[in-house]
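Q: Here you go, upload.txt (compact mmCIF, C-alpha atoms):
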```
# COMPACT_ATOMS: atom_id res chain seq x y z
CA MET A 1 13.87 -1.87 -13.40
CA THR A 2 16.00 -1.45 -16.47
CA GLY A 3 18.07 1.67 -17.05
CA THR A 4 17.68 4.91 -15.16
CA LEU A 5 14.42 5.75 -13.42
CA GLU A 6 12.63 8.56 -15.20
CA ARG A 7 12.08 11.61 -13.07
CA LEU A 8 9.14 11.77 -10.69
CA GLY A 9 7.46 15.13 -11.05
CA PRO A 10 5.19 17.27 -8.89
CA ASP A 11 2.17 15.15 -9.89
CA THR A 12 3.52 12.20 -7.86
CA VAL A 13 1.31 10.88 -5.05
CA HIS A 14 2.79 8.45 -2.55
CA VAL A 15 0.27 5.73 -1.71
CA VAL A 16 1.23 3.99 1.55
CA VAL A 17 -0.72 0.74 1.50
CA ASP A 18 -1.89 -0.88 4.74
CA MET A 19 1.00 0.21 6.95
CA GLN A 20 -1.08 -0.54 10.03
CA ARG A 21 -0.44 -2.06 13.42
CA LEU A 22 -2.42 -5.15 12.36
CA PHE A 23 0.26 -6.01 9.79
CA ALA A 24 3.12 -5.04 12.09
CA GLU A 25 1.99 -6.86 15.21
CA GLY A 26 -0.80 -9.27 14.28
CA PRO A 27 -2.79 -11.23 15.12
CA GLY A 28 -3.16 -13.34 12.02
CA TRP A 29 -1.90 -11.02 9.30
CA SER A 30 1.49 -9.90 10.59
CA VAL A 31 4.19 -9.37 7.95
CA PRO A 32 7.63 -10.38 9.26
CA ALA A 33 9.49 -7.84 7.07
CA PHE A 34 7.21 -4.95 8.14
CA GLY A 35 9.82 -3.44 10.44
CA ARG A 36 12.52 -3.76 7.80
CA ILE A 37 10.65 -1.72 5.19
CA LEU A 38 9.27 0.88 7.61
CA PRO A 39 12.35 3.17 7.53
CA ASN A 40 12.25 3.33 3.72
CA VAL A 41 8.51 3.98 3.67
CA ARG A 42 9.09 6.83 6.11
CA ARG A 43 11.97 8.27 4.06
CA LEU A 44 9.71 8.40 1.02
CA ALA A 45 6.78 9.80 3.02
CA LEU A 46 8.97 12.59 4.33
CA ARG A 47 9.81 13.78 0.82
CA ARG A 48 6.28 15.12 0.22
CA PRO A 49 4.18 14.51 3.37
CA ALA A 50 1.18 16.45 2.09
CA ARG A 51 1.11 14.35 -1.08
CA ALA A 52 0.76 10.99 0.64
CA LEU A 53 -2.37 8.91 1.02
CA TYR A 54 -2.75 6.08 3.53
CA PRO A 55 -5.34 3.50 2.45
CA CYS A 56 -6.03 1.25 5.44
CA PHE A 57 -7.65 -2.15 5.46
CA VAL A 58 -10.65 -2.33 7.76
CA THR A 59 -12.34 -5.57 8.72
CA PRO A 60 -16.00 -6.17 9.57
CA PRO A 61 -17.12 -6.86 13.13
CA ALA A 62 -17.93 -10.47 12.16
CA ALA A 63 -17.73 -12.64 9.05
CA ALA A 64 -21.50 -12.52 8.59
CA ALA A 65 -21.30 -8.74 8.13
CA ALA A 66 -19.00 -9.06 5.09
CA ARG A 67 -20.17 -8.98 1.46
CA GLY A 68 -20.51 -12.15 -0.60
CA VAL A 69 -17.37 -14.26 -0.91
CA TRP A 70 -15.67 -12.14 1.74
CA GLN A 71 -17.77 -14.01 4.32
CA ARG A 72 -15.96 -17.24 3.39
CA TYR A 73 -12.62 -15.42 3.49
CA TYR A 74 -13.20 -14.01 6.95
CA ARG A 75 -14.43 -17.32 8.35
CA HIS A 76 -10.83 -18.41 7.76
CA TRP A 77 -9.50 -15.38 9.69
CA PRO A 78 -11.75 -14.95 12.74
CA GLU A 79 -8.93 -13.35 14.73
CA VAL A 80 -8.88 -10.28 12.49
CA MET A 81 -12.54 -9.39 12.90
CA ALA A 82 -12.82 -5.80 14.09
CA GLY A 83 -14.88 -6.96 17.04
CA ARG A 84 -12.02 -9.15 18.26
CA LEU A 85 -8.93 -7.10 17.47
CA PRO A 86 -6.95 -5.32 20.19
CA ALA A 87 -7.68 -1.60 20.34
CA GLY A 88 -5.79 0.42 17.77
CA SER A 89 -4.90 -2.54 15.53
CA LEU A 90 -6.32 -0.85 12.43
CA GLU A 91 -4.48 2.43 13.01
CA VAL A 92 -1.46 3.56 10.99
CA THR A 93 1.67 2.22 12.64
CA ALA A 94 3.97 4.24 14.85
CA GLY A 95 6.71 5.70 12.70
CA LEU A 96 4.22 6.88 10.10
CA SER A 97 1.15 7.99 12.05
CA ASP A 98 2.72 11.40 12.69
CA LEU A 99 3.00 11.99 8.93
CA VAL A 100 -0.60 11.32 7.86
CA PRO A 101 -1.94 14.60 6.46
CA PRO A 102 -5.51 15.78 7.13
CA GLY A 103 -7.81 13.60 5.05
CA GLY A 104 -4.91 11.35 4.11
CA ARG A 105 -6.20 8.17 5.73
CA ILE A 106 -8.77 6.36 3.60
CA ASP A 107 -10.41 3.19 4.93
CA LYS A 108 -10.98 0.38 2.46
CA GLU A 109 -12.82 -2.94 2.69
CA GLY A 110 -11.09 -4.64 -0.25
CA PHE A 111 -7.59 -5.26 -1.49
CA SER A 112 -7.31 -2.30 -3.87
CA ALA A 113 -6.99 1.19 -2.42
CA TYR A 114 -9.73 2.15 -4.88
CA SER A 115 -12.18 0.11 -2.80
CA GLY A 116 -11.93 2.90 -0.24
CA PRO A 117 -14.60 5.57 -0.67
CA GLY A 118 -12.92 8.78 -1.65
CA PHE A 119 -9.57 7.35 -2.75
CA ALA A 120 -10.02 8.08 -6.46
CA ALA A 121 -11.34 11.55 -5.64
CA ALA A 122 -8.32 12.21 -3.40
CA LEU A 123 -5.99 11.38 -6.30
CA GLU A 124 -7.89 13.79 -8.52
CA ARG A 125 -7.76 16.49 -5.84
CA LEU A 126 -3.98 16.07 -5.65
CA GLY A 127 -3.63 16.19 -9.43
CA ALA A 128 -2.05 12.74 -9.52
CA GLY A 129 -0.24 11.54 -12.62
CA THR A 130 2.23 9.15 -11.00
CA ILE A 131 1.41 6.72 -8.19
CA LEU A 132 4.34 5.72 -5.97
CA LEU A 133 3.47 2.55 -4.07
CA THR A 134 4.90 1.31 -0.79
CA GLY A 135 3.51 -0.95 1.93
CA VAL A 136 2.00 -4.40 2.28
CA GLU A 137 1.43 -6.83 0.80
CA THR A 138 3.49 -6.90 -2.39
CA ASP A 139 1.39 -9.69 -3.89
CA ILE A 140 -2.07 -8.66 -2.68
CA CYS A 141 -3.05 -5.08 -1.82
CA VAL A 142 -0.06 -3.42 -3.48
CA LEU A 143 -0.66 -5.53 -6.59
CA SER A 144 -4.39 -4.79 -6.68
CA THR A 145 -3.78 -1.07 -6.32
CA ALA A 146 -1.04 -1.09 -8.96
CA LEU A 147 -3.19 -2.81 -11.57
CA GLU A 148 -6.20 -0.60 -11.00
CA SER A 149 -3.97 2.48 -11.16
CA ILE A 150 -2.69 1.32 -14.54
CA ASP A 151 -6.24 0.75 -15.77
CA ARG A 152 -7.03 4.35 -14.80
CA GLY A 153 -4.04 5.64 -16.75
CA TYR A 154 -1.60 6.45 -13.97
CA ARG A 155 2.12 5.83 -14.15
CA VAL A 156 3.03 3.39 -11.37
CA VAL A 157 6.34 3.24 -9.49
CA ILE A 158 6.91 0.55 -6.87
CA ALA A 159 9.64 0.99 -4.25
CA THR A 160 11.18 -2.48 -4.21
CA ASP A 161 12.74 -2.10 -0.76
CA ALA A 162 9.62 -0.52 0.74
CA VAL A 163 7.12 -3.31 0.03
CA ALA A 164 6.79 -6.65 1.80
CA SER A 165 4.61 -9.74 2.11
CA SER A 166 3.85 -12.38 4.70
CA ALA A 167 4.76 -14.87 1.93
CA PRO A 168 8.43 -14.18 1.11
CA ALA A 169 8.43 -16.47 -1.93
CA ALA A 170 5.43 -14.64 -3.39
CA HIS A 171 7.08 -11.28 -2.67
CA ALA A 172 10.24 -12.37 -4.47
CA ALA A 173 8.26 -13.75 -7.42
CA MET A 174 6.31 -10.52 -7.78
CA LEU A 175 9.47 -8.43 -7.99
CA ALA A 176 11.44 -10.86 -10.14
CA GLN A 177 8.77 -12.24 -12.47
CA ILE A 178 5.29 -10.71 -12.25
CA TYR A 179 5.83 -6.93 -12.06
CA PRO A 180 8.49 -7.05 -14.81
CA ARG A 181 5.74 -8.37 -17.10
CA TYR A 182 4.35 -4.82 -16.94
CA VAL A 183 7.66 -3.34 -18.07
CA HIS A 184 6.03 -0.50 -20.02
CA LEU A 185 3.55 0.30 -17.25
CA ILE A 186 5.33 -0.20 -13.91
CA ASP A 187 8.72 1.12 -12.82
CA LEU A 188 10.56 -0.84 -10.13
CA ALA A 189 13.25 0.98 -8.16
CA PRO A 190 14.79 1.09 -4.68
CA THR A 191 14.19 3.98 -2.32
CA ASP A 192 17.50 5.72 -3.01
CA ALA A 193 16.88 5.78 -6.76
CA ILE A 194 13.35 7.08 -6.27
CA LEU A 195 14.48 9.89 -3.98
CA ALA A 196 17.22 10.82 -6.46
CA ALA A 197 14.67 11.01 -9.29
CA TRP A 198 11.94 12.80 -7.31
CA ASP A 199 11.95 16.58 -7.72
```
Re-express the file's structure as structure tokens.

A:
Amino acid sequence: MTGTLERLGPDTVHVVVDMQRLFAEGPGWSVPAFGRILPNVRRLALRRPARALYPCFVTPPAAAAARGVWQRYYRHWPEVMAGRLPAGSLEVTAGLSDLVPPGGRIDKEGFSAYSGPGFAAALERLGAGTILLTGVETDICVLSTALESIDRGYRVVIATDAVASSAPAAHAAMLAQIYPRYVHLIDLAPTDAILAAWD
């Protein structure tokens, strides 16, 4: 971020990406910094609870049930198959689950939140103009959602202290080198600055 963050208006929608027990507790995909970012994600979610969407990654029951190249991907991650996960692993994590508004959870089978049926329509219903992104992972699902949001014409704001990755070096590179490449399309700011700029 350079300079002062421009104000976030009433058209802001907070998109809380993959803040699920699977990424908090594992197996396989746990993000070590998950617990560290959770308080900031919650602070932002509390600002406008009814204007938050919670895209959640869902996995197939077995690799053979996945589409195309995803079969190869899931053969590498057998422990995250829905048929093998502990009960409740795909649910929104404690600390946020009480804030999910009716219709706010949207299951997705791909990295981008837009791969979830109904996500784009939910943004339209909420009159979205600005997408505020938090969650995991900085370099995968948050990135995919950010880029598709840009392609659809939305302003994108990423809360730098409310995103995390299981690959710390990739997380750091995204914030220091990759996202700044989109300087005219993506705003980077910490939670305090976002809250101060959000009407």

Q: Name all residues at most 6 Å from range 177-190 of chain A (count only C-alpha atoms; drop same-chain ones fewer than 2 positions away) and give them as a ChimeraX atom specification.

A: /A:1,156-161,173-175,192-193

Q: How about saving the chosen residues, C-alpha atoms kept, as a PDB file, in the frame of the given file?

A:
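As a result, out03.pdb now contains:
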```
ATOM      1  CA  MET A   1      13.870  -1.870 -13.400  1.00  0.00           C
ATOM      2  CA  VAL A 156       3.030   3.390 -11.370  1.00  0.00           C
ATOM      3  CA  VAL A 157       6.340   3.240  -9.490  1.00  0.00           C
ATOM      4  CA  ILE A 158       6.910   0.550  -6.870  1.00  0.00           C
ATOM      5  CA  ALA A 159       9.640   0.990  -4.250  1.00  0.00           C
ATOM      6  CA  THR A 160      11.180  -2.480  -4.210  1.00  0.00           C
ATOM      7  CA  ASP A 161      12.740  -2.100  -0.760  1.00  0.00           C
ATOM      8  CA  ALA A 173       8.260 -13.750  -7.420  1.00  0.00           C
ATOM      9  CA  MET A 174       6.310 -10.520  -7.780  1.00  0.00           C
ATOM     10  CA  LEU A 175       9.470  -8.430  -7.990  1.00  0.00           C
ATOM     11  CA  ASP A 192      17.500   5.720  -3.010  1.00  0.00           C
ATOM     12  CA  ALA A 193      16.880   5.780  -6.760  1.00  0.00           C
TER      13      ALA A 193
END
```

Q: Using all atoms listed in the file, which of A:Glu6, A:Glu79, A:Asp151, A:Glu124 sits nearest Leu22 in chain A?

A: A:Glu79

Q: Please report the interatomic distance between CA of Leu143 in chain A and CA of Leu90 in chain A in Å with one decimal.

A: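 Distance reported for this atom pair: 20.4 Å.
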
Q: If you measure from CA of Val17 in chain A to CA of Trp29 in chain A, what distance in Å do you get, rounded to one decimal?

A: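 Between these atoms lies a distance of 14.2 Å.
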
Q: Which one of A:Ala52, A:Ala94, A:Ala164, A:Ala120 sits closest to Glu148 in chain A if you count only C-alpha atoms?

A: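 Answer, going by the shortest atom-to-atom distance: A:Ala120.
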
Q: Using all atoms listed in the file, can you tell me which of A:Gln71, A:Ser115, A:Ser149, A:Ser165 comes closest to Gly135 in chain A?

A: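 Smallest distance to Gly135 in chain A is found for A:Ser165.
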